[in-house]
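Peer 1: Supplied in structure tokens, the structure appears directly below.
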2 protein chains.
Amino acid sequence: MSGDRSIRTANGVSHLKRSVMRDLLKLAVDPDIISLAGGLPAAETLPVEAFGECLEAVLARDGAASLQYSPPFAPLRAWIAEHMRGRGAACSPEQVFITNGAQQGLAIISRMLLDPGEPAVIENIAFTGIQQVTAGRGADVRTVNVDPALGVDVSSLEKAFQLEPRPKMAVMVPNFHNPLSATMPAEARQTAAELAARFQVPIVEDDPYGMLRFEGEAIPPIKAYDQDDFVFYLGSFSKMLAPGLRLGWIVAPESMMPQITVVRESMDLESSTLIQRVVHEFIRRGHLQVHLNEMNALHKTRRDRLVAALKSEFTTGEHWTEPQGGLFVWLTLAEGIDSWALFEAALAKKVAFIPGEAFAVEGGHKNCVRLSFGNVRTEMIDLGVARLAQAVREGALAR
Amino acid sequence: MSGDRSIRTANGVSHLKRSVMRDLLKLAVDPDIISLAGGLPAAETLPVEAFGECLEAVLARDGAASLQYSPPFAPLRAWIAEHMRGRGAACSPEQVFITNGAQQGLAIISRMLLDPGEPAVIENIAFTGIQQVTAGRGADVRTVNVDPALGVDVSSLEKAFQLEPRPKMAVMVPNFHNPLSATMPAEARQTAAELAARFQVPIVEDDPYGMLRFEGEAIPPIKAYDQDDFVFYLGSFSKMLAPGLRLGWIVAPESMMPQITVVRESMDLESSTLIQRVVHEFIRRGHLQVHLNEMNALHKTRRDRLVAALKSEFTTGEHWTEPQGGLFVWLTLAEGIDSWALFEAALAKKVAFIPGEAFAVEGGHKNCVRLSFGNVRTEMIDLGVARLAQAVREGALAR
């Protein structure tokens with residue numbers, strides 16, 4: 001035995017891109033920093049009291065069963081099936097698989113569908129977690145164009161599906177896309193579902209933000225148009241209830257449940273039965289709708305404030321999305337601005353955001369930034385945007 | 001587009017062996033069945049009340065922070081580092097990575113170390129979850145002999161490490177092994193750690209049962225003998241506190257934390273901050289030691305009762321382990337007995353166990369069964385073993 005005495009890691013690990021966002025978020029813990037960075041829902045409306053009452057009730061009612069190993073909590077699966085029906089995508093409780101959130105759902109489906117080297121389609125601007133999972137499986141990643149307002153371009157999707165070898169899956173976020181805030185129109189969703197069936201390429205519909213609409217009419221999920229069972233739907237309680245719970249779900253063809261189960265067992269066995277029971281109790285008592293109303297109202301106030309501040313500060317051709325829900329605004333600055341450099345300058349002025357390039361699968365979009373209005377105190381938004389605009393102006397002068 | 005209109009799954013998924021145990025457990029939900037099957041700790045001592053108090057206290061103290069996205073809870077990492085020091089395997093909080101349990105720890109480390117097709121060493125009789133993870137990574141699985149009383153045979157381990165290509169990792173359960181209940185002596189642990197360093201093959205020490213000792217002296221973990229940072233230690237709160245929480249940890253070289261973090265992010269982002277905070281509060285209030293004392297005392301009573309019943313019922317050369325902790329007894333019946341057939345016959349008599357072959361990586365061990373004494377009511381053990389013995393006798397007559 002000789003040579004370098006170190007642990008040899010898998011080649012595949014080098015494919016895994018460290019989440020820039022999560023690194024950046026660590027920089028932004030200074031309480032004086034106005035953070036428009038993290039994709040967090042409003043802390044003010046997290047339902048601490050109601051959740052505590054539900055915890056107490058569940059422990060009193062279920063006792064040791066709520067702390068023991070357990071199969072998925074059947075009443076929660078039943079409620080999720082009802083919830084999906086209410087959103088236009090009816091399914092049976094047997095089609096609902098409980099996860100620790102949409103990220104785990106994506107990891108499970110990717111593991112089930114993708115062998116290393118096989119093609120997978122993702123949006124050309126995508127949440128880092130989606131890039132991590134597909135790259136981490138060693139996928140041959142193809143991109144599809146996504147419009148900042150209208151989401152996936154279905155003609156681009158059709159082209160990606162036509163290429164041989166055919167992709168094994170396509171991931172998209174149809175509601176209040178992270179980071180673009182784009183929302184796909186109903187017609188595009190229907191077309192996407194039809195393309196999935198026609199080309200036999202499963203769509204993974206990643207929908208953590210669907211219930212975060214504060215304005216306009218809800219649009220049924222892609223899954224609602226899925227006549228041929230080629231859409232996997234990923235739900236999450238992280239944004240619609242609380243991120244600290246780690247709970248979500250997959251809707252999948254019932255025939256695939258055994259494979260989904262075995263893939264998930266190999267990852268971490270099962271989800272916390274305590275958390276499943278408490279979330280169900282929270283819903284059963286009617287708290288969820290109250291919470292969504294409160295949270296979304298606050299988010300709307302913050303979006304209004306953010307958009308007003310952008311209008312006031314950025315008057316030289318910059319543009320931004322004005323979403324009807326979710327957590328994000330996508331701001332496009334003048335060509336030539338490097339938002340990594342801007343990030344440093346802004347941080348010095350005590351305001352944080354995520355540089356757009358972090359989401360750009362094929363690079364570029366350096367002049368864009370993601371602003372999150374979910375968890376910034378409303379009265380700090382004007383100051384935050386003023387600081388950002390000042391950093392932009394000073395950067396322009398320095399160039 | 002023509003042919004079979006179905007979703008094409010990854011080739012790798014066929015490597016994943018469905019957990020026989022979890023399927024069998026579903027058969028055993030009939031409340032009249034005396035179950036010696038599931039590897040569950042005693043439900044009677046799960047600390048429902050104390051845990052409820054801690055939940056209330058954490059929500060009152062931390063409020064929204066306990067429901068929001070969050071970095072790993074620093075006081076819990078600090079406690080785990082202290083706990084490891086107390087067990088003879090000192091480490092820094094920076095070496096502690098929070099997981100959803102030992103299974104996730106194994107999945108993370110396997111993902112980090114193993115590329116498909118590379119060799120990994122596991123025990124020739126091993127928990128199904130270990131088989132699922134290594135096979136699921138597409139590993140070239142090599143086995144090492146494990147003795148029902150003394151655990152991994154280190155001369156067999158040395159041979160496995162000598163084979164080229166060198167293995168990328170070796171997984172072992174040194175304390176109260178599942179299903180054998182074997183516990184490796186200190187000398188074997190030291191030798192294993194030395195072999196890991198000498199051959200530069202990382203050992204993954206999977207230790208969910210280490211704190212479930214009810215008799216005899218604790219033996220330091222393999223990690224305690226790890227001079228050269230070639231041992232990854234996997235801890236779990238599932239058995240030492242409660243399975244329904246889904247919380248555990250990895251101890252790893254600090255230099256590998258960035259890679260561990262990115263692998264874990266790609267799986268499910270992070271662990272529940274609420275659960276982390278509550279577990280820490282439970283420990284801070286001194287409940288953990290009280291709980292361990294109560295649970296282990298009850299487990300000892302049940303082991304005593306089980307061993308006494310085996311002595312009384314099996315008098316024709318059958319033999320079994322008599323562990324000083326953990327949850328399992330490994331019963332070896334007469335050669336020629338098929339414990340799958342016995343399982344059916346026993347279930348008809350309303351007693352359940354796990355057939356030994358389910359754990360046998362290379363098959364065989366058909367005449368063995370795993371009996372779990374953790375979560376069976378003490379007063380039912382005699383009847384359960386009597387039913388099992390009757391099923392064995394009737395099976396022998398029928399052959």
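Ligands are numbered from 1 in the order shown, chains are lettered A, B, ... in the order of the structure tokens, and residues start at 1 in each chain.
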At a cut-off of 7 Å, which residues of chain A touch chain B? Count only C-alpha atoms and give the answer as a VMD selection string.

Peer 2: chain A and resid 1 5 7 to 13 16 18 43 46 48 52 56 59 63 to 64 66 to 69 100 to 101 103 to 104 107 112 to 115 129 132 to 133 198 to 200 202 242 to 246 262 266 to 269 271 to 274

Peer 1: Report as a VMD selection string: the residues of segment 193-270 of chain B with a DSSP assignment of helix (DSSP H, G or I), based on the backbone of this structure.

Peer 2: chain B and resid 193 to 199 222 to 225 237 to 240 243 to 245 254 to 268

Peer 1: Can you list, as a count of residues only, every protein, DNA or RNA residue that comes within 10 Å of Met84 of chain B when you count only C-alpha atoms, leaving out same-chain residues fewer than 6 positions away?

Peer 2: 12

Peer 1: Please provide the set of residues having any atom within 7 Å of Ser372 of chain A, restricted to only C-alpha atoms, with same-chain residues fewer than 4 positions apart removed, written as a list in words.

Peer 2: Leu36, Ala37, Gly38, Gly39, Leu327, Phe328 and Val329 of chain A

Peer 1: Skipping near chain neighbours, those fewer than 5 positions away, what residues fall within 9 Å of His319 of chain B using only C-alpha atoms, listed as a list of chain:residue names?

Peer 2: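 The neighbour list is B:Leu310, B:Lys311, B:Phe314, B:Trp330, B:Leu331, B:Thr332, B:Leu333.
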
Peer 1: The selected residues should be written to file as a PDB file, in the first residue's frame (atoms: C-alpha atoms).

Peer 2:
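New file part_32.pdb:
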```pdb
ATOM      1  CA  LEU B 310     -36.530 -21.596  23.744  1.00  0.00           C
ATOM      2  CA  LYS B 311     -34.765 -23.783  26.328  1.00  0.00           C
ATOM      3  CA  PHE B 314     -36.356 -26.708  21.701  1.00  0.00           C
ATOM      4  CA  TRP B 330     -30.944 -15.877  16.000  1.00  0.00           C
ATOM      5  CA  LEU B 331     -32.402 -19.372  16.214  1.00  0.00           C
ATOM      6  CA  THR B 332     -30.834 -22.231  14.263  1.00  0.00           C
ATOM      7  CA  LEU B 333     -33.196 -25.161  13.729  1.00  0.00           C
TER       8      LEU B 333
END
```

Peer 1: Between B:Ala389, B:Ile203, B:His299, B:Ala89, which one has atoms that come closest to Thr316 of chain B, using only C-alpha atoms?

Peer 2: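 Looking only at the distances to Thr316 of chain B, the closest residue turns out to be B:Ala389.
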
Peer 1: With only C-alpha atoms as the atoms that count, which of A:Phe214, A:Tyr209, A:Phe237, A:Phe97 lies nearest to Ala81 of chain A?

Peer 2: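 Closest to Ala81 of chain A of all the choices is A:Phe97.
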
Peer 1: What residues in segment 99-203 of chain B get the DSSP label strand (DSSP E or B)? Please answer as a ChimeraX atom specification.

Peer 2: /B:99,119-123,125,140-144,146-147,151-152,169-172,203

Peer 1: Go through B:Val152, B:Met211, B:Met240, B:Ile98 and flag the residue nearest Glu123 of chain B, using only C-alpha atoms for the distances.

Peer 2: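 The shortest atom-to-atom distance to Glu123 of chain B comes from B:Val152.
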
Peer 1: I'd like the interatomic distance between atom CA of Glu215 of chain B and atom CA of Gln324 of chain B, to a tenth of an Å.

Peer 2: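 Calculated distance between atom CA of Glu215 of chain B and atom CA of Gln324 of chain B is 4.9 Å.
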
Peer 1: Do you have the atom CA of Asn178 of chain B-atom CA of Arg277 of chain B distance handy?

Peer 2: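 So the two atoms, atom CA of Asn178 of chain B and atom CA of Arg277 of chain B, lie 29.1 Å apart.
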
Peer 1: Find the distance between atom CA of Val307 of chain B and atom CA of Arg370 of chain B and write it in Å to one decimal.

Peer 2: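 Separation between atom CA of Val307 of chain B and atom CA of Arg370 of chain B: 13.0 Å.
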
Peer 1: Hey, what's within 6 Å of Phe232 of chain A if we count only C-alpha atoms and toss same-chain stuff fewer than 2 positions away? As a PyMOL selection string, please?

Peer 2: chain A and resi 204-205+251-252

Peer 1: Write a file of the selected residues as a PDB file, in the first residue's frame, keeping N, CA and C atoms.

Peer 2:
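Wrote it out as out-v3.pdb, contents follow:
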```
ATOM      1  N   VAL A 204     -42.115  14.774 -14.924  1.00  0.00           N
ATOM      2  CA  VAL A 204     -42.130  14.916 -13.473  1.00  0.00           C
ATOM      3  C   VAL A 204     -42.551  16.348 -13.186  1.00  0.00           C
ATOM      4  N   GLU A 205     -43.759  16.488 -12.662  1.00  0.00           N
ATOM      5  CA  GLU A 205     -44.333  17.806 -12.400  1.00  0.00           C
ATOM      6  C   GLU A 205     -44.020  18.184 -10.959  1.00  0.00           C
ATOM      7  N   VAL A 251     -47.602  11.620  -6.629  1.00  0.00           N
ATOM      8  CA  VAL A 251     -48.721  10.901  -7.237  1.00  0.00           C
ATOM      9  C   VAL A 251     -48.162  10.167  -8.456  1.00  0.00           C
ATOM     10  N   ALA A 252     -48.381   8.868  -8.493  1.00  0.00           N
ATOM     11  CA  ALA A 252     -47.790   8.032  -9.543  1.00  0.00           C
ATOM     12  C   ALA A 252     -48.783   6.943  -9.909  1.00  0.00           C
TER      13      ALA A 252
END
```

Peer 1: Show me, as a compact mmCIF listing (two decimals) with N, CA and C atoms, in the first residue's frame, the residues that have an atom within 10 Å of Leu150 of chain A when counting only C-alpha atoms, minus same-chain residues fewer than 5 positions from it.

Peer 2:
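What landed in out28.txt:
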```txt
# COMPACT_ATOMS: atom_id res chain seq x y z
N PRO A 174 -44.46 23.90 -13.06
CA PRO A 174 -45.44 24.70 -13.81
C PRO A 174 -45.99 25.90 -13.05
N ASN A 175 -45.94 25.89 -11.73
CA ASN A 175 -46.52 26.98 -10.94
C ASN A 175 -45.45 27.79 -10.24
N PHE A 176 -45.39 29.10 -10.52
CA PHE A 176 -44.54 30.02 -9.76
C PHE A 176 -43.13 29.46 -9.66
N HIS A 177 -42.63 29.14 -10.84
CA HIS A 177 -41.32 28.53 -11.07
C HIS A 177 -40.23 29.17 -10.22
N LEU A 180 -37.88 31.70 -11.78
CA LEU A 180 -38.44 32.69 -12.71
C LEU A 180 -39.79 33.25 -12.27
N SER A 181 -40.51 32.46 -11.47
CA SER A 181 -41.89 32.74 -11.06
C SER A 181 -42.88 32.49 -12.20
N ALA A 182 -42.41 31.92 -13.30
CA ALA A 182 -43.26 31.61 -14.45
C ALA A 182 -44.38 30.64 -14.07
N THR A 183 -45.55 30.80 -14.70
CA THR A 183 -46.66 29.87 -14.54
C THR A 183 -47.19 29.48 -15.92
N MET A 184 -47.17 28.18 -16.19
CA MET A 184 -47.60 27.69 -17.50
C MET A 184 -49.11 27.85 -17.67
N PRO A 185 -49.56 28.38 -18.82
CA PRO A 185 -50.99 28.44 -19.10
C PRO A 185 -51.57 27.03 -19.25
N ALA A 188 -50.72 25.05 -22.45
CA ALA A 188 -49.36 24.50 -22.48
C ALA A 188 -49.28 23.24 -21.63
```

Peer 1: From the options A:Ile222, A:Val385, A:Ala192, A:Ala352, which residue's atoms come nearest to Arg87 of chain A, counting only C-alpha atoms?

Peer 2: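 Of A:Ile222, A:Val385, A:Ala192, A:Ala352, the one nearest Arg87 of chain A, counting only C-alpha atoms, is A:Ile222.
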